[in-house]
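Heads up, the thing below is written out as C-alpha cells.
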Amino acid sequence: MEKIPPEIFLEICIHLYVKDLYTLTLVCKLYRKILWTKAVSIQKVWTCSRVLSFDPILPYPSLPPSKFMSEQEYIWFTLLADKCSICKIKIEKKDLFGCRYWEFSRFCCKECIERKTVSISYIKMTMPNLPKELLECLPYHKRDEKLYWSDDLHSIKAKYYSFENKHERDNWVKEKKEEVNEFMDEIYKYKWQDQYVYFFPYAFNVN
C-alpha cells in the first residue's frame, strides 16, 4: 500500500464488485481502516461498486442508502448478509428478503426474530404501567400486531426513568418521537424496494 498512491488505490477500488471490495477490507488493517471510513470519497467508491454490481435485469438496490446508513452498511445489509445476525445460521437465498428487518436494522432468521422481539399485547400484559409515549420512541415491525426489539425496549425504558427532571425527560421524548417518525417514514421506501424484488419472478435466479 505504501507504494500505491492513495488516488490510484481508490481508482482501482471503484472498479471492483462489492464482494471483491469487501474481501479487500479483510486483506489488512490498513485497507479496512481506509475502506470503512465515512469520508465522502470512500462513500463514492462504495456507491460506484454497488452500481457496478447491479444485475442488468433487476438492479438492486437501486435506491441510495438512507440517511441512517453508510454505503458500507447499506451494501452489507442488502447484498452481502446471508447469516442471521443473532445465531449466525446461514439463511437460504429464497428466504433472504423475509429476514431483512429494516425497522431494527438487523438481519434475522424467523426463530431469532420471535425470540428477540415482544408484541404490543405482551407488553401490555407484562408491563401495564409502561408509559404509552415510550413505545412511540421505538421503531416497530408490523405483522399481525406491532413488534418491538426487546433489548431496545429495556434500554429506552432505563433511559426514560433515568431523568430526574420532568422537563428534560419530556424534551428527550419529543426528540425520540420525531427521530423514530422520520426513521419509519424513511425505511418505508426500502421495504417497498425489497417487496418489489421479492415478487419479481427473476429475483431468485439472481446470483
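How things are named: the first chain in the C-alpha cells is A, the next is B, and so on; residues count from 1 in each chain; ligands count from 1 in the order shown.
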So that I can check the surroundings of segment 94-98 of chain A, please list as a tab-separated table (two decimals) with N, CA, C and O atoms, in the first residue's frame every protein, DNA and RNA residue that reaches within 9 Å of it, counting only C-alpha atoms and ignoring chain neighbours fewer than 4 positions away.
```tsv
chain	number	residue	atom	x	y	z
A	78	THR	N	-28.09	-5.21	2.23
A	78	THR	CA	-28.93	-5.56	1.09
A	78	THR	C	-28.32	-6.63	0.18
A	78	THR	O	-29.06	-7.39	-0.46
A	81	ALA	N	-25.21	-9.79	3.31
A	81	ALA	CA	-25.61	-10.53	4.51
A	81	ALA	C	-26.40	-11.78	4.13
A	81	ALA	O	-27.37	-11.71	3.37
A	82	ASP	N	-25.97	-12.92	4.64
A	82	ASP	CA	-26.69	-14.17	4.38
A	82	ASP	C	-26.74	-15.06	5.62
A	82	ASP	O	-27.05	-16.24	5.54
A	83	LYS	N	-26.41	-14.45	6.77
A	83	LYS	CA	-26.48	-15.18	8.03
A	83	LYS	C	-27.24	-14.35	9.06
A	83	LYS	O	-27.17	-13.12	9.06
A	107	PHE	N	-30.59	-8.36	10.48
A	107	PHE	CA	-30.86	-9.47	9.57
A	107	PHE	C	-31.04	-10.70	10.44
A	107	PHE	O	-30.10	-11.16	11.09
A	108	CYS	N	-32.27	-11.22	10.50
A	108	CYS	CA	-32.57	-12.28	11.47
A	108	CYS	C	-33.37	-13.42	10.87
A	108	CYS	O	-34.24	-13.21	10.02
A	109	CYS	N	-33.09	-14.62	11.35
A	109	CYS	CA	-33.90	-15.77	10.97
A	109	CYS	C	-35.24	-15.70	11.73
A	109	CYS	O	-35.39	-14.91	12.67
A	110	LYS	N	-36.18	-16.52	11.33
A	110	LYS	CA	-37.51	-16.48	11.92
A	110	LYS	C	-37.48	-16.83	13.41
A	110	LYS	O	-38.22	-16.25	14.22
A	194	ASP	N	-37.66	-3.85	-1.43
A	194	ASP	CA	-37.49	-5.28	-1.17
A	194	ASP	C	-38.69	-6.09	-1.67
A	194	ASP	O	-38.54	-7.17	-2.25
A	195	GLN	N	-39.88	-5.58	-1.42
A	195	GLN	CA	-41.08	-6.28	-1.82
A	195	GLN	C	-41.17	-6.39	-3.34
A	195	GLN	O	-41.58	-7.43	-3.88
A	197	VAL	N	-38.67	-6.53	-5.45
A	197	VAL	CA	-37.71	-7.54	-5.89
A	197	VAL	C	-38.19	-8.93	-5.50
A	197	VAL	O	-38.08	-9.89	-6.28
A	198	TYR	N	-38.75	-9.05	-4.30
A	198	TYR	CA	-39.21	-10.35	-3.82
A	198	TYR	C	-40.27	-10.96	-4.73
A	198	TYR	O	-40.26	-12.16	-5.00
A	203	ALA	N	-36.15	-12.78	-9.39
A	203	ALA	CA	-35.32	-12.45	-8.22
A	203	ALA	C	-34.50	-13.62	-7.69
A	203	ALA	O	-33.34	-13.47	-7.37
A	204	PHE	N	-35.10	-14.79	-7.63
A	204	PHE	CA	-34.41	-15.92	-7.02
A	204	PHE	C	-33.36	-16.54	-7.92
A	204	PHE	O	-32.66	-17.45	-7.53
```
Worksheet item: Hey, what's within 10 Å of Leu135 of chain A if we count only C-alpha atoms and toss same-chain stuff fewer than 4 positions away? As a PyMOL selection string, please?
Response: chain A and resi 120+123+130-131+139-140+148+153+156-157+177
Worksheet item: Please, what distance in Å, to one decimal, runs between atom CA of Met69 of chain A and atom CA of Val173 of chain A?
Response: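 If I compute the distance from atom CA of Met69 of chain A to atom CA of Val173 of chain A, I get 22.9 Å.
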Discussion item. With DSSP run on the backbone, what are the strand (DSSP E or B) residues within segment 38-207 of chain A? I'd like them as a VMD selection string.
Written reply: chain A and resid 83 90 100 to 101 106 to 107 117 to 119 141 to 142 146 to 149
Discussion item. Between atom CA of Ser62 of chain A and atom CA of Thr25 of chain A, what is the distance in Å, rounded to a tenth?
Written reply: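 Calculated distance between atom CA of Ser62 of chain A and atom CA of Thr25 of chain A is 23.3 Å.
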Discussion item. Using only C-alpha atoms, which protein or nucleic acid residues come within 10 Å of Ser105 of chain A? Drop anything in the same chain fewer than 2 positions from it, and give the result as a list in words.
Written reply: Phe68, Met69, Glu73, Tyr74, Phe77, Arg100, Tyr101, Trp102, Glu103, Phe107, Cys108 and Ile187 of chain A
Can I get the selected residues back with N, CA and C atoms, as a short mmCIF file (atom, residue, chain, number, x, y, z; two decimals), in the first residue's frame?
```cif
data_model
loop_
_atom_site.label_atom_id
_atom_site.label_comp_id
_atom_site.auth_asym_id
_atom_site.auth_seq_id
_atom_site.Cartn_x
_atom_site.Cartn_y
_atom_site.Cartn_z
N PHE A 68 -29.68 7.06 7.53
CA PHE A 68 -29.33 6.34 8.75
C PHE A 68 -28.29 5.25 8.51
N MET A 69 -27.83 5.11 7.26
CA MET A 69 -26.85 4.08 6.93
C MET A 69 -25.75 4.63 6.04
N GLU A 73 -22.65 -0.09 5.17
CA GLU A 73 -23.71 -0.77 5.93
C GLU A 73 -24.86 -1.17 5.01
N TYR A 74 -25.19 -0.27 4.11
CA TYR A 74 -26.30 -0.50 3.18
C TYR A 74 -26.01 -1.68 2.25
N PHE A 77 -26.12 -4.93 4.20
CA PHE A 77 -27.48 -5.27 4.60
C PHE A 77 -28.31 -5.77 3.43
N ARG A 100 -34.83 -9.63 6.40
CA ARG A 100 -34.23 -8.29 6.48
C ARG A 100 -35.23 -7.36 7.17
N TYR A 101 -34.92 -6.98 8.39
CA TYR A 101 -35.82 -6.13 9.19
C TYR A 101 -35.27 -4.71 9.24
N TRP A 102 -35.76 -3.89 8.34
CA TRP A 102 -35.29 -2.50 8.26
C TRP A 102 -35.57 -1.73 9.55
N GLU A 103 -36.70 -2.05 10.19
CA GLU A 103 -37.07 -1.32 11.41
C GLU A 103 -36.03 -1.48 12.51
N PHE A 107 -30.59 -8.36 10.48
CA PHE A 107 -30.86 -9.47 9.57
C PHE A 107 -31.04 -10.70 10.44
N CYS A 108 -32.27 -11.22 10.50
CA CYS A 108 -32.57 -12.28 11.47
C CYS A 108 -33.37 -13.42 10.87
N ILE A 187 -37.64 4.38 6.03
CA ILE A 187 -37.42 2.98 5.65
C ILE A 187 -38.57 2.41 4.82
#
```
Within 8 Å of His15 of chain A, counting only C-alpha atoms, which residues qualify if same-chain residues fewer than 6 places away don't, as a tab-separated table (two decimals) with N, CA, C and O atoms, in the first residue's frame?
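Writing done, so here's result36.tsv:
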```tsv
chain	number	residue	atom	x	y	z
A	48	CYS	N	-20.06	3.49	-6.35
A	48	CYS	CA	-19.67	3.01	-7.69
A	48	CYS	C	-19.64	1.49	-7.74
A	48	CYS	O	-20.06	0.88	-8.72
A	49	SER	N	-19.14	0.88	-6.69
A	49	SER	CA	-19.08	-0.58	-6.62
A	49	SER	C	-20.48	-1.18	-6.60
A	49	SER	O	-20.74	-2.20	-7.26
A	52	LEU	N	-21.94	-0.83	-10.08
A	52	LEU	CA	-21.25	-1.77	-10.96
A	52	LEU	C	-21.78	-3.19	-10.78
A	52	LEU	O	-21.82	-3.98	-11.73
```
